[in-house]
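Enquirer: Structure file my_file.txt, compact mmCIF, C-alpha atoms, is pasted below:
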# COMPACT_ATOMS: atom_id res chain seq x y z
CA MET N 21 118.05 -99.85 230.64
CA ALA N 22 119.19 -100.21 227.02
CA GLN N 23 119.46 -103.99 227.32
CA PRO N 24 116.50 -105.71 225.64
CA ARG N 25 114.10 -107.66 227.84
CA LEU N 26 110.90 -109.66 227.54
CA VAL N 27 107.60 -107.80 227.72
CA LYS N 28 104.97 -110.51 227.24
CA VAL N 29 104.14 -113.82 225.60
CA VAL N 30 100.84 -114.12 223.73
CA LEU N 31 99.29 -117.54 223.00
CA ASN N 32 96.66 -117.63 220.27
CA VAL N 33 94.42 -120.40 218.91
CA GLY N 34 92.18 -119.97 215.89
CA VAL N 35 89.05 -122.11 215.98
CA LYS N 36 87.48 -122.30 212.54
CA GLU N 37 84.76 -124.70 213.73
CA ALA N 38 83.53 -122.13 216.29
CA LEU N 39 81.23 -120.72 213.60
CA THR N 40 79.17 -123.91 213.65
CA ASP N 41 80.12 -125.66 216.91
CA LYS N 42 80.21 -123.66 220.17
CA LYS N 43 81.73 -126.63 222.05
CA ALA N 44 84.86 -126.47 219.89
CA LEU N 45 85.61 -122.95 221.13
CA ASP N 46 84.98 -123.94 224.76
CA GLU N 47 87.36 -126.89 224.40
CA ALA N 48 90.06 -124.69 222.84
CA CYS N 49 89.69 -122.14 225.67
CA GLU N 50 89.92 -124.89 228.27
CA GLN N 51 93.08 -126.36 226.71
CA LEU N 52 94.68 -122.92 226.38
CA ALA N 53 93.93 -122.26 230.07
CA ILE N 54 95.54 -125.59 231.03
CA ILE N 55 98.65 -124.83 228.95
CA SER N 56 99.10 -121.26 230.17
CA GLY N 57 97.81 -121.38 233.73
CA GLN N 58 95.34 -118.53 233.28
CA LYS N 59 91.89 -118.05 231.76
CA ALA N 60 91.69 -117.64 227.98
CA ALA N 61 89.87 -114.70 226.38
CA VAL N 62 87.54 -115.34 223.45
CA ARG N 63 88.42 -113.34 220.32
CA VAL N 64 85.77 -112.15 217.88
CA ALA N 65 85.96 -111.25 214.19
CA LYS N 66 86.62 -107.56 213.53
CA LYS N 67 85.21 -107.62 209.99
CA SER N 68 82.73 -109.66 208.00
CA ILE N 69 84.27 -111.79 205.22
CA ALA N 70 81.69 -113.35 202.93
CA ALA N 71 84.12 -115.84 201.35
CA PHE N 72 84.76 -117.39 204.80
CA LYS N 73 81.07 -117.13 205.84
CA LEU N 74 82.24 -114.93 208.69
CA ARG N 75 80.24 -112.13 210.31
CA GLU N 76 81.57 -109.30 212.43
CA GLY N 77 81.34 -110.14 216.12
CA GLN N 78 81.40 -113.94 215.73
CA ALA N 79 83.78 -115.85 218.01
CA VAL N 80 86.77 -117.12 215.99
CA GLY N 81 89.48 -117.97 218.51
CA ALA N 82 91.01 -117.66 221.96
CA MET N 83 94.09 -115.97 223.36
CA VAL N 84 96.08 -115.58 226.56
CA THR N 85 98.66 -112.89 227.42
CA LEU N 86 101.34 -113.95 229.89
CA ARG N 87 103.54 -111.51 231.81
CA GLY N 88 105.94 -111.70 234.72
CA LYS N 89 106.51 -115.03 236.47
CA ARG N 90 103.96 -116.93 234.37
CA MET N 91 105.69 -115.71 231.20
CA ARG N 92 109.13 -116.82 232.41
CA ASP N 93 107.81 -120.19 233.59
CA PHE N 94 106.05 -120.76 230.25
CA LEU N 95 109.19 -119.91 228.24
CA GLN N 96 111.30 -122.23 230.39
CA LYS N 97 108.77 -125.05 229.86
CA LEU N 98 108.63 -124.28 226.12
CA VAL N 99 112.41 -124.53 225.70
CA ALA N 100 113.08 -127.47 228.03
CA ILE N 101 110.05 -129.72 227.54
CA VAL N 102 107.70 -128.75 224.70
CA LEU N 103 110.00 -128.01 221.74
CA PRO N 104 112.03 -131.24 222.14
CA ARG N 105 108.72 -133.19 222.02
CA VAL N 106 107.80 -131.78 218.59
CA ARG N 107 108.07 -134.42 215.88
CA ASP N 108 111.11 -134.03 213.55
CA PHE N 109 112.41 -131.06 215.55
CA HIS N 110 115.73 -129.60 214.39
CA GLY N 111 115.44 -126.16 215.96
CA ILE N 112 113.17 -123.19 215.38
CA PRO N 113 113.70 -120.98 212.32
CA VAL N 114 115.27 -117.54 212.64
CA THR N 115 112.77 -116.18 210.09
CA GLY N 116 110.00 -115.65 212.67
CA PHE N 117 111.13 -112.13 213.62
CA ASP N 118 108.99 -109.13 212.62
CA GLY N 119 111.70 -106.50 212.14
CA HIS N 120 111.25 -104.99 215.62
CA GLY N 121 112.77 -107.80 217.70
CA ASN N 122 109.52 -109.70 218.37
CA TYR N 123 109.35 -113.40 217.54
CA THR N 124 106.38 -115.53 216.45
CA LEU N 125 106.40 -119.31 216.52
CA GLY N 126 103.72 -121.73 215.39
CA ILE N 127 103.18 -125.18 216.87
CA LYS N 128 101.09 -127.58 214.79
CA GLU N 129 99.82 -129.76 217.66
CA GLN N 130 98.76 -128.67 221.14
CA ILE N 131 99.30 -132.23 222.40
CA VAL N 132 103.08 -131.67 222.72
CA PHE N 133 102.37 -129.84 225.99
CA PRO N 134 102.63 -132.27 228.92
CA GLU N 135 99.49 -130.87 230.64
CA ILE N 136 97.21 -131.91 227.78
CA ASP N 137 95.67 -135.38 228.16
CA TYR N 138 95.74 -136.93 224.68
CA GLY N 139 92.69 -139.11 225.42
CA LYS N 140 90.47 -136.06 226.08
CA VAL N 141 91.44 -134.16 222.91
CA ALA N 142 88.64 -134.17 220.32
CA LYS N 143 90.60 -132.34 217.60
CA ILE N 144 94.27 -131.48 217.26
CA ARG N 145 94.72 -127.73 216.82
CA GLY N 146 97.65 -125.47 216.14
CA LEU N 147 98.92 -122.82 218.51
CA GLU N 148 100.67 -119.53 217.81
CA ILE N 149 103.17 -118.15 220.32
CA ALA N 150 104.25 -114.50 220.01
CA ILE N 151 107.18 -113.36 222.16
CA VAL N 152 107.24 -109.56 222.53
CA THR N 153 110.54 -107.91 223.53
CA THR N 154 111.92 -104.39 223.93
CA ALA N 155 114.61 -105.12 221.31
CA LYS N 156 114.95 -102.49 218.59
CA ASN N 157 115.78 -104.90 215.73
CA ASN N 158 115.89 -108.59 214.85
CA ASP N 159 119.55 -109.04 215.81
CA GLU N 160 118.98 -107.80 219.36
CA GLY N 161 115.86 -109.97 219.66
CA LEU N 162 117.76 -113.01 218.38
CA GLU N 163 120.56 -112.54 220.91
CA LEU N 164 118.04 -112.09 223.74
CA LEU N 165 116.15 -115.27 222.86
CA LYS N 166 119.39 -117.22 222.35
CA SER N 167 120.51 -116.16 225.84
CA LEU N 168 117.19 -117.51 227.17
CA GLY N 169 117.97 -120.89 225.60
CA MET N 170 115.75 -120.85 222.50
CA PRO N 171 117.03 -123.58 220.13
CA PHE N 172 117.42 -121.79 216.79
CA THR N 173 118.46 -123.68 213.64
CA LYS N 174 122.03 -123.38 212.46
CA ASN N 175 122.21 -121.58 209.11
When written as C-alpha cells, how does the structure in this file appear?
Expert:
Amino acid sequence: MAQPRLVKVVLNVGVKEALTDKKALDEACEQLAIISGQKAAVRVAKKSIAAFKLREGQAVGAMVTLRGKRMRDFLQKLVAIVLPRVRDFHGIPVTGFDGHGNYTLGIKEQIVFPEIDYGKVAKIRGLEIAIVTTAKNNDEGLELLKSLGMPFTKN
C-alpha cells in the first residue's frame, strides 16, 4: 500500500472569451468532452477582479476529472499519440511537480488530439493536464510517471 499510484487526471481549459461570447465556452466544453470521453463541467469565477473585467459567478472555463479506466486510457493516449504530435517536442520538463508528487502539464494547442477535427475548430486554445498521485514527494511522483512511460527531458 506504500507504493504510489494514480488518483485522478484533471483536464482544464480557460476560456477568456466566455465573458463576451457564450458560444466560445460551449465550443470549449464540447471539445473537452470529445478529448476526455465524458461531459465537461463549466467553472465559474470565485472572485470579482476589476482589472480583468471579471465578476464573481461568471463562467470562465471548463474542466473534466478522469478516474479509473478513462484515466488510464487517457494517459496511454497522451503518452503514445498526443505528446509525439506536439510541434518541436523534446520531452516534458521535470519542473511541473508541485512538491507533493502531483504533476501539471500544459499543452498549447488542443488540435494535437486525434479526435479534434481541425476544420471545425474556431480558435486554438490551450489545455492544462494535472496528474494527481498518492506520491509523498516529487521523486516518488517522477518515478511513478516514468514507469507509466511519460517522456521526461534528459537533464
Enquirer: Given all atoms listed in the file as the basis, pick out the residue of N:Gly88, N:Gly121, N:Gly34, N:Gly116 nearest to Ala65 (chain N).
Expert: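 Of all the options, N:Gly34 lies closest to Ala65 (chain N).
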Enquirer: Would you mind listing what lies within 12 Å of Arg75 (chain N) as a list in words, with all atoms listed in the file counted and same-chain residues fewer than 6 positions away left out?
Expert: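 After dropping sequence-adjacent residues, the list is Leu39, Val64, Ala65, Lys66, Lys67, Ser68 and Ile69 of chain N.
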Enquirer: Go through N:Ser167, N:Val99, N:Glu37, N:Met83 one by one, measure the shortest atom-to-atom distance of each to Lys59 (chain N) using all atoms listed in the file, and give the residue with the smallest value.
Expert: N:Met83
Enquirer: Report the closest atom pair, with its distance in Å rounded to one decimal, for each residue of region 37-107 of chain N that has an atom no farther than 12 Å from region 143-165 of chain N; count only C-alpha atoms, sort by chain and then rising residue number, and write it as a Markdown table.
Expert:
| residue | atom | partner | partner_atom | distance |
| --- | --- | --- | --- | --- |
| N:Glu37 | CA | N:Lys143 | CA | 10.4 |
| N:Lys43 | CA | N:Lys143 | CA | 11.4 |
| N:Ala44 | CA | N:Lys143 | CA | 8.5 |
| N:Leu45 | CA | N:Arg145 | CA | 11.2 |
| N:Glu47 | CA | N:Lys143 | CA | 9.3 |
| N:Ala48 | CA | N:Arg145 | CA | 8.2 |
| N:Cys49 | CA | N:Arg145 | CA | 11.6 |
| N:Gln51 | CA | N:Arg145 | CA | 10.1 |
| N:Leu52 | CA | N:Leu147 | CA | 8.9 |
| N:Ile55 | CA | N:Leu147 | CA | 10.6 |
| N:Ser56 | CA | N:Ile149 | CA | 11.1 |
| N:Gly81 | CA | N:Leu147 | CA | 10.6 |
| N:Ala82 | CA | N:Leu147 | CA | 10.1 |
| N:Met83 | CA | N:Glu148 | CA | 9.3 |
| N:Val84 | CA | N:Ile149 | CA | 9.8 |
| N:Thr85 | CA | N:Ala150 | CA | 9.4 |
| N:Leu86 | CA | N:Ile151 | CA | 9.7 |
| N:Arg87 | CA | N:Val152 | CA | 10.2 |
| N:Met91 | CA | N:Ile151 | CA | 9.5 |
| N:Arg92 | CA | N:Ile151 | CA | 11.0 |
| N:Phe94 | CA | N:Ile149 | CA | 10.7 |
| N:Leu95 | CA | N:Ile151 | CA | 9.2 |
| N:Gln96 | CA | N:Leu165 | CA | 11.3 |
| N:Leu98 | CA | N:Ile149 | CA | 10.1 |
| N:Val99 | CA | N:Leu165 | CA | 10.4 |
Enquirer: Restricting it to C-alpha atoms, dump the selection as a PDB file, in the frame of the given file.
Expert:
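So the final result, stored in part04.pdb, reads:
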ATOM      1  CA  GLU N  37      84.760-124.700 213.730  1.00  0.00           C
ATOM      2  CA  LYS N  43      81.730-126.630 222.050  1.00  0.00           C
ATOM      3  CA  ALA N  44      84.860-126.470 219.890  1.00  0.00           C
ATOM      4  CA  LEU N  45      85.610-122.950 221.130  1.00  0.00           C
ATOM      5  CA  GLU N  47      87.360-126.890 224.400  1.00  0.00           C
ATOM      6  CA  ALA N  48      90.060-124.690 222.840  1.00  0.00           C
ATOM      7  CA  CYS N  49      89.690-122.140 225.670  1.00  0.00           C
ATOM      8  CA  GLN N  51      93.080-126.360 226.710  1.00  0.00           C
ATOM      9  CA  LEU N  52      94.680-122.920 226.380  1.00  0.00           C
ATOM     10  CA  ILE N  55      98.650-124.830 228.950  1.00  0.00           C
ATOM     11  CA  SER N  56      99.100-121.260 230.170  1.00  0.00           C
ATOM     12  CA  GLY N  81      89.480-117.970 218.510  1.00  0.00           C
ATOM     13  CA  ALA N  82      91.010-117.660 221.960  1.00  0.00           C
ATOM     14  CA  MET N  83      94.090-115.970 223.360  1.00  0.00           C
ATOM     15  CA  VAL N  84      96.080-115.580 226.560  1.00  0.00           C
ATOM     16  CA  THR N  85      98.660-112.890 227.420  1.00  0.00           C
ATOM     17  CA  LEU N  86     101.340-113.950 229.890  1.00  0.00           C
ATOM     18  CA  ARG N  87     103.540-111.510 231.810  1.00  0.00           C
ATOM     19  CA  MET N  91     105.690-115.710 231.200  1.00  0.00           C
ATOM     20  CA  ARG N  92     109.130-116.820 232.410  1.00  0.00           C
ATOM     21  CA  PHE N  94     106.050-120.760 230.250  1.00  0.00           C
ATOM     22  CA  LEU N  95     109.190-119.910 228.240  1.00  0.00           C
ATOM     23  CA  GLN N  96     111.300-122.230 230.390  1.00  0.00           C
ATOM     24  CA  LEU N  98     108.630-124.280 226.120  1.00  0.00           C
ATOM     25  CA  VAL N  99     112.410-124.530 225.700  1.00  0.00           C
TER      26      VAL N  99
END
Enquirer: Of the candidates N:Lys89, N:Lys73, N:Arg107, N:Arg25, which one gets nearest to Gly57 (chain N) if we count only C-alpha atoms?
Expert: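 Closest to Gly57 (chain N), using only C-alpha atoms: N:Lys89.
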Enquirer: With only C-alpha atoms as the atoms that count, which of N:Leu168, N:Leu103, N:Ala142, N:Ala60 lies nearest to Gly126 (chain N)?
Expert: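 Nearest to Gly126 (chain N): N:Leu103.
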Enquirer: Mind pulling up the distance from CA of Ile54 (chain N) to CA of Pro171 (chain N)?
Expert: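 Between CA of Pro171 (chain N) and CA of Ile54 (chain N) the gap is 24.2 Å.
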Enquirer: What does the structure give for the distance between CA of Pro134 (chain N) and CA of Asn32 (chain N), in Å to one decimal?
Expert: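 Between CA of Pro134 (chain N) and CA of Asn32 (chain N) the gap works out to 18.0 Å.
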Enquirer: Using Å and a single decimal, report how far CA of Arg105 (chain N) sits from CA of Asn122 (chain N).
Expert: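 Pair CA of Asn122 (chain N) / CA of Arg105 (chain N) returns 23.8 Å.
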Enquirer: Which of these, N:Val132, N:Lys174, N:Val62, N:Arg90, has the shortest distance to Gly77 (chain N) once you count all atoms listed in the file?
Expert: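 Smallest separation from Gly77 (chain N) among the options: N:Val62.
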Enquirer: When you count only C-alpha atoms, which of these residues is closest to Lys97 (chain N): N:Pro24, N:His110, N:Val80, N:Met170?
Expert: N:Met170
Enquirer: Restore N, CA and C atoms in region 55-77 of chain N and list the result as a PDB file, in the coordinates of the input.
Expert:
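Here's the written file result.pdb:
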ATOM      1  N   ILE N  55      97.270-125.041 229.413  1.00  0.00           N
ATOM      2  CA  ILE N  55      98.650-124.830 228.950  1.00  0.00           C
ATOM      3  C   ILE N  55      99.282-123.618 229.620  1.00  0.00           C
ATOM      4  N   SER N  56      98.523-122.521 229.713  1.00  0.00           N
ATOM      5  CA  SER N  56      99.100-121.260 230.170  1.00  0.00           C
ATOM      6  C   SER N  56      98.988-121.020 231.673  1.00  0.00           C
ATOM      7  N   GLY N  57      97.986-121.612 232.311  1.00  0.00           N
ATOM      8  CA  GLY N  57      97.810-121.380 233.730  1.00  0.00           C
ATOM      9  C   GLY N  57      96.927-120.185 234.044  1.00  0.00           C
ATOM     10  N   GLN N  58      96.298-119.607 233.037  1.00  0.00           N
ATOM     11  CA  GLN N  58      95.340-118.530 233.280  1.00  0.00           C
ATOM     12  C   GLN N  58      94.224-118.599 232.251  1.00  0.00           C
ATOM     13  N   LYS N  59      93.105-117.945 232.567  1.00  0.00           N
ATOM     14  CA  LYS N  59      91.890-118.050 231.760  1.00  0.00           C
ATOM     15  C   LYS N  59      92.100-117.440 230.375  1.00  0.00           C
ATOM     16  N   ALA N  60      91.571-118.115 229.356  1.00  0.00           N
ATOM     17  CA  ALA N  60      91.690-117.640 227.980  1.00  0.00           C
ATOM     18  C   ALA N  60      90.559-116.668 227.650  1.00  0.00           C
ATOM     19  N   ALA N  61      90.873-115.673 226.837  1.00  0.00           N
ATOM     20  CA  ALA N  61      89.870-114.700 226.380  1.00  0.00           C
ATOM     21  C   ALA N  61      89.402-115.100 224.986  1.00  0.00           C
ATOM     22  N   VAL N  62      88.106-115.017 224.757  1.00  0.00           N
ATOM     23  CA  VAL N  62      87.540-115.340 223.450  1.00  0.00           C
ATOM     24  C   VAL N  62      87.742-114.142 222.526  1.00  0.00           C
ATOM     25  N   ARG N  63      88.202-114.398 221.311  1.00  0.00           N
ATOM     26  CA  ARG N  63      88.420-113.340 220.320  1.00  0.00           C
ATOM     27  C   ARG N  63      87.312-113.388 219.284  1.00  0.00           C
ATOM     28  N   VAL N  64      86.847-112.226 218.870  1.00  0.00           N
ATOM     29  CA  VAL N  64      85.770-112.150 217.880  1.00  0.00           C
ATOM     30  C   VAL N  64      86.281-111.516 216.592  1.00  0.00           C
ATOM     31  N   ALA N  65      85.580-111.790 215.501  1.00  0.00           N
ATOM     32  CA  ALA N  65      85.960-111.250 214.190  1.00  0.00           C
ATOM     33  C   ALA N  65      85.751-109.744 214.167  1.00  0.00           C
ATOM     34  N   LYS N  66      86.722-109.016 213.629  1.00  0.00           N
ATOM     35  CA  LYS N  66      86.620-107.560 213.530  1.00  0.00           C
ATOM     36  C   LYS N  66      85.850-107.125 212.304  1.00  0.00           C
ATOM     37  N   LYS N  67      85.892-107.949 211.239  1.00  0.00           N
ATOM     38  CA  LYS N  67      85.210-107.620 209.990  1.00  0.00           C
ATOM     39  C   LYS N  67      84.444-108.832 209.485  1.00  0.00           C
ATOM     40  N   SER N  68      83.449-108.582 208.682  1.00  0.00           N
ATOM     41  CA  SER N  68      82.730-109.660 208.000  1.00  0.00           C
ATOM     42  C   SER N  68      83.482-110.008 206.724  1.00  0.00           C
ATOM     43  N   ILE N  69      83.631-111.319 206.457  1.00  0.00           N
ATOM     44  CA  ILE N  69      84.270-111.790 205.220  1.00  0.00           C
ATOM     45  C   ILE N  69      83.342-112.840 204.624  1.00  0.00           C
ATOM     46  N   ALA N  70      82.697-112.478 203.531  1.00  0.00           N
ATOM     47  CA  ALA N  70      81.690-113.350 202.930  1.00  0.00           C
ATOM     48  C   ALA N  70      82.291-114.662 202.429  1.00  0.00           C
ATOM     49  N   ALA N  71      83.498-114.633 201.887  1.00  0.00           N
ATOM     50  CA  ALA N  71      84.120-115.840 201.350  1.00  0.00           C
ATOM     51  C   ALA N  71      84.343-116.899 202.431  1.00  0.00           C
ATOM     52  N   PHE N  72      84.552-116.466 203.682  1.00  0.00           N
ATOM     53  CA  PHE N  72      84.760-117.390 204.800  1.00  0.00           C
ATOM     54  C   PHE N  72      83.478-117.623 205.589  1.00  0.00           C
ATOM     55  N   LYS N  73      82.353-117.053 205.136  1.00  0.00           N
ATOM     56  CA  LYS N  73      81.070-117.130 205.840  1.00  0.00           C
ATOM     57  C   LYS N  73      81.223-116.619 207.276  1.00  0.00           C
ATOM     58  N   LEU N  74      81.902-115.501 207.396  1.00  0.00           N
ATOM     59  CA  LEU N  74      82.240-114.930 208.690  1.00  0.00           C
ATOM     60  C   LEU N  74      81.539-113.585 208.857  1.00  0.00           C
ATOM     61  N   ARG N  75      80.910-113.386 209.996  1.00  0.00           N
ATOM     62  CA  ARG N  75      80.240-112.130 210.310  1.00  0.00           C
ATOM     63  C   ARG N  75      80.999-111.405 211.419  1.00  0.00           C
ATOM     64  N   GLU N  76      80.942-110.098 211.392  1.00  0.00           N
ATOM     65  CA  GLU N  76      81.570-109.300 212.430  1.00  0.00           C
ATOM     66  C   GLU N  76      80.958-109.625 213.787  1.00  0.00           C
ATOM     67  N   GLY N  77      81.815-109.841 214.771  1.00  0.00           N
ATOM     68  CA  GLY N  77      81.340-110.140 216.120  1.00  0.00           C
ATOM     69  C   GLY N  77      81.245-111.616 216.445  1.00  0.00           C
TER      70      GLY N  77
END
